[in-house]
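Okay, start.cif is below, mmCIF, C-alpha atoms:
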data_upload
loop_
_atom_site.label_atom_id
_atom_site.label_comp_id
_atom_site.auth_asym_id
_atom_site.auth_seq_id
_atom_site.Cartn_x
_atom_site.Cartn_y
_atom_site.Cartn_z
CA MET A 1 129.48 73.47 85.01
CA TYR A 2 125.76 72.93 85.69
CA GLU A 3 126.50 71.73 89.23
CA GLU A 4 128.57 74.85 89.95
CA ILE A 5 125.77 77.14 88.77
CA LYS A 6 123.22 75.13 90.77
CA GLN A 7 125.34 75.71 93.91
CA GLY A 8 125.44 79.46 93.22
CA LYS A 9 129.04 79.46 91.96
CA MET A 10 130.17 81.11 88.74
CA PRO A 11 132.11 78.61 86.57
CA GLU A 12 135.62 79.92 85.84
CA ARG A 13 135.13 79.86 82.05
CA LEU A 14 131.99 82.05 82.37
CA SER A 15 133.39 84.54 84.89
CA HIS A 16 133.92 87.18 82.16
CA LEU A 17 130.10 87.32 81.81
CA GLN A 18 129.53 88.14 85.48
CA GLU A 19 128.80 91.79 86.15
CA ASN A 20 130.77 93.18 89.06
CA PHE A 21 128.66 95.10 91.57
CA ASN A 22 131.49 95.70 94.07
CA ASP A 23 134.55 97.95 94.03
CA ALA A 24 138.12 96.72 94.56
CA ASP A 25 137.60 96.74 98.35
CA GLY A 26 134.46 94.59 98.09
CA ASN A 27 132.03 97.44 98.86
CA PRO A 28 128.88 97.85 96.76
CA ILE A 29 129.19 100.36 93.91
CA ILE A 30 126.66 103.18 94.26
CA ASP A 31 125.44 104.28 90.82
CA ASP A 32 124.60 107.81 89.60
CA GLU A 33 120.95 107.39 90.67
CA GLY A 34 121.94 106.58 94.26
CA GLY A 35 121.26 102.85 94.03
CA ALA A 36 123.42 99.79 94.53
CA VAL A 37 123.07 96.13 93.62
CA ILE A 38 123.75 94.01 96.69
CA GLN A 39 123.67 90.39 97.74
CA PRO A 40 122.30 90.46 101.30
CA ASN A 41 123.15 88.14 104.19
CA GLN A 42 120.89 85.25 105.17
CA GLY A 43 118.71 85.88 108.21
CA PHE A 44 115.67 83.67 108.74
CA VAL A 45 112.67 82.38 106.82
CA ILE A 46 108.94 82.79 107.37
CA LYS A 47 106.58 80.16 105.93
CA THR A 48 102.89 80.92 105.42
CA LYS A 49 100.12 80.57 102.82
CA ASP A 50 98.23 82.99 100.63
CA SER A 51 94.44 83.20 100.31
CA THR A 52 94.43 80.38 97.70
CA GLY A 53 96.39 77.99 99.95
CA GLN A 54 99.67 78.39 97.99
CA LYS A 55 102.76 78.05 100.23
CA ILE A 56 104.79 81.23 100.54
CA PHE A 57 108.34 81.47 101.85
CA ILE A 58 109.63 84.90 102.87
CA ASN A 59 113.39 85.31 103.23
CA MET A 60 114.24 87.91 105.85
CA THR A 61 117.75 89.02 104.89
CA TYR A 62 119.93 91.95 105.92
CA HIS A 63 122.64 94.30 104.69
CA ASP A 64 124.55 97.22 106.20
CA LEU A 65 123.53 99.59 103.36
CA VAL A 66 119.90 99.53 104.52
CA ASP A 67 119.11 102.30 107.02
CA LYS A 68 118.51 101.39 110.65
CA ILE A 69 115.16 101.78 112.42
CA GLU A 70 114.47 105.44 112.99
CA GLU A 71 112.20 107.05 115.57
CA LYS A 72 110.82 110.55 115.02
CA SER A 73 108.58 112.85 116.98
CA VAL A 74 105.32 113.92 115.41
CA THR A 75 105.51 117.50 114.10
CA ALA A 76 103.80 120.25 116.14
CA GLU A 77 101.20 120.67 113.38
CA ASP A 78 100.33 116.95 113.32
CA ALA A 79 100.25 116.82 117.13
CA ALA A 80 97.70 119.66 117.17
CA LYS A 81 95.76 118.26 114.22
CA TYR A 82 95.47 114.69 115.56
CA GLY A 83 95.60 115.47 119.28
CA THR A 84 98.65 113.30 119.94
CA SER A 85 102.34 113.73 120.61
CA GLU A 86 103.40 110.13 119.97
CA ARG A 87 106.58 109.18 118.21
CA GLY A 88 106.61 107.52 114.79
CA VAL A 89 108.84 104.60 113.80
CA ARG A 90 110.32 104.09 110.34
CA ILE A 91 111.63 100.62 109.43
CA PRO A 92 113.47 100.76 106.08
CA LEU A 93 113.19 97.67 103.87
CA SER A 94 113.48 96.43 100.32
CA LEU A 95 111.28 93.75 98.73
CA GLY A 96 112.40 91.85 95.65
CA ALA A 97 110.32 90.12 92.99
CA VAL A 98 108.29 86.95 93.52
CA ARG A 99 110.03 83.84 92.25
CA GLU A 100 109.01 80.21 91.91
CA ASP A 101 110.71 77.37 93.77
CA ASN A 102 109.84 73.94 95.18
CA ASP A 103 109.41 72.79 98.77
CA LYS A 104 111.14 69.68 100.10
CA LYS A 105 108.31 67.52 98.72
CA GLY A 106 108.87 68.99 95.25
CA GLU A 107 105.62 70.98 95.26
CA PRO A 108 105.65 74.51 93.82
CA VAL A 109 106.01 77.44 96.23
CA GLN A 110 106.52 81.17 95.88
CA VAL A 111 109.50 82.90 97.45
CA MET A 112 110.07 86.59 98.24
CA ASP A 113 113.15 88.30 99.65
CA PHE A 114 113.11 91.22 102.05
CA ILE A 115 116.24 93.14 102.97
CA PHE A 116 116.34 94.98 106.30
CA ALA A 117 119.10 96.66 108.29
CA THR A 118 121.46 94.27 110.06
CA ASP A 119 120.31 95.37 113.54
CA THR A 120 116.65 94.84 112.61
CA ILE A 121 117.11 91.18 111.65
CA LYS A 122 119.47 90.44 114.55
CA LEU A 123 116.83 91.77 116.98
CA ALA A 124 114.05 89.79 115.23
CA GLN A 125 116.12 86.60 115.57
CA LYS A 126 116.35 87.11 119.35
CA ASP A 127 112.95 88.66 120.20
CA ALA A 128 109.79 86.73 119.18
CA SER A 129 107.43 89.70 119.65
CA PHE A 130 109.61 91.91 117.46
CA ARG A 131 109.81 89.08 114.88
CA GLN A 132 105.99 89.02 114.88
CA GLN A 133 105.90 92.78 114.21
CA ILE A 134 108.44 92.52 111.38
CA ALA A 135 106.48 89.61 109.84
CA GLU A 136 103.24 91.62 109.96
CA LEU A 137 105.04 94.59 108.38
CA ALA A 138 106.28 92.27 105.62
CA PHE A 139 102.78 90.83 105.04
CA THR A 140 101.33 94.36 104.79
CA TYR A 141 104.03 95.41 102.34
CA ILE A 142 103.41 92.30 100.19
CA LYS A 143 99.69 93.18 100.13
CA GLN A 144 100.54 96.73 98.97
CA LYS A 145 103.10 95.70 96.33
CA PHE A 146 101.62 92.47 94.94
CA ASP A 147 97.99 92.63 96.14
CA LYS A 148 98.50 89.24 97.79
CA ASP A 149 96.70 88.41 101.05
CA LEU A 150 98.77 86.24 103.39
CA ASP A 151 97.73 84.16 106.38
CA TYR A 152 99.05 85.87 109.52
CA ARG A 153 99.63 82.44 111.06
CA PHE A 154 103.17 81.53 110.09
CA THR A 155 106.05 79.29 111.08
CA VAL A 156 109.78 79.95 111.18
CA PRO A 157 111.48 76.87 109.68
CA LYS A 158 115.01 76.00 110.76
CA MET A 159 116.62 77.51 107.69
CA LYS A 160 118.35 80.80 107.04
CA TYR A 161 117.32 81.15 103.38
CA LYS A 162 114.90 79.45 100.97
CA GLY A 163 116.68 78.96 97.67
CA SER A 164 120.06 77.79 96.48
CA THR A 165 121.63 81.24 96.06
CA VAL A 166 120.89 84.50 97.87
CA GLN A 167 119.36 86.77 95.23
CA TYR A 168 120.88 90.12 94.31
CA GLN A 169 118.65 93.17 94.69
CA ARG A 170 119.01 96.81 93.73
CA ILE A 171 118.36 99.08 96.68
CA LYS A 172 118.39 102.82 97.31
CA ALA A 173 121.79 103.46 98.86
CA LYS A 174 122.21 107.23 99.11
CA LYS A 175 120.94 108.55 102.38
CA ALA A 176 118.49 111.45 102.15
CA PRO A 177 119.58 114.55 104.03
CA LYS A 178 118.14 114.68 107.54
CA ILE A 179 116.76 118.05 108.50
#
For this file, produce the structure as structure tokens.
Amino acid sequence: MYEEIKQGKMPERLSHLQENFNDADGNPIIDDEGGAVIQPNQGFVIKTKDSTGQKIFINMTYHDLVDKIEEKSVTAEDAAKYGTSERGVRIPLSLGAVREDNDKKGEPVQVMDFIFATDTIKLAQKDASFRQQIAELAFTYIKQKFDKDLDYRFTVPKMKYKGSTVQYQRIKAKKAPKI
């Protein structure tokens, strides 16, 4: 039973304890607050260090429930106020909690999971400059959420996910009305 759990499988005799987050068709159930608990798909991993030298692994995962990248024009008021007519870009994401793990040498590391739209991660896997931009966005978001400074020099190890099981996360699933 321990080995099954370690591999991310639910042992048959404990399956009654597992909460079901999907409907009969396998789609995520959206709750009354507009959220859904999802298990994203593996994308790629970023490895860096924080300001103390602690190794940090960032899982860049994806799911179809996360909105795609959106480009919007600056409003007329903002264009006049700031003297620009540039377009803004919105990249929806979700960041889970920090968790502890070990690297291949057995040393402690911290791991964080981001969830992006499927198209966002697929593009980042193909385009190194876009991957750099997504990594910098992730580092900035980690600074805002956890007040953790990360080294902008990073590597992309040949792994799709750091951890034995892809972690579930609750995300905002209902789309806001677009005006």
**OP:** Translate the PyMOL selection byres ((chain A and resi 97-114) around 6), as applied to the file shown, into an explicit residue set as a ChimeraX atom specification.
**Re:** /A:55-61,94-96,115
**OP:** I would like the residues chosen by the PyMOL selection byres ((chain A and resi 139) around 12) on the shown file; could you give them as a PyMOL selection string?
**Re:** chain A and resi 46-50+56-58+60+95+112-114+132-138+140-154
Counting only C-alpha atoms, which residues in range 78-170 of chain A sit no more than 12 Å from range 24-30 of chain A? For each one, give the nearest pair of atoms and the distance in Å, sorted by chain then residue number, as CSV.
residue,atom,partner,partner_atom,distance
A:Tyr168,CA,A:Pro28,CA,11.4
A:Gln169,CA,A:Pro28,CA,11.4
A:Arg170,CA,A:Ile30,CA,10.0
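Relative to CA of Thr84 in chain A, CA of Lys72 in chain A is found at 13.4 Å.
As for CA of Lys122 in chain A and CA of Phe44 in chain A, they are spaced 9.7 Å apart.
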Subject >> Shell of 8 Å around Ser85 in chain A, all atoms listed in the file, local chain residues under 4 positions omitted, as number ranges by chain >> reply: A: 73-74, 79
Original post:
Between A:Gln54, A:Gly43, A:Ala36, A:Lys126, which is the closest to Pro157 in chain A once you count all atoms listed in the file?
Top reply: A:Gly43
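The space separating CA of Ile91 in chain A from CA of Thr120 in chain A comes to 8.3 Å.
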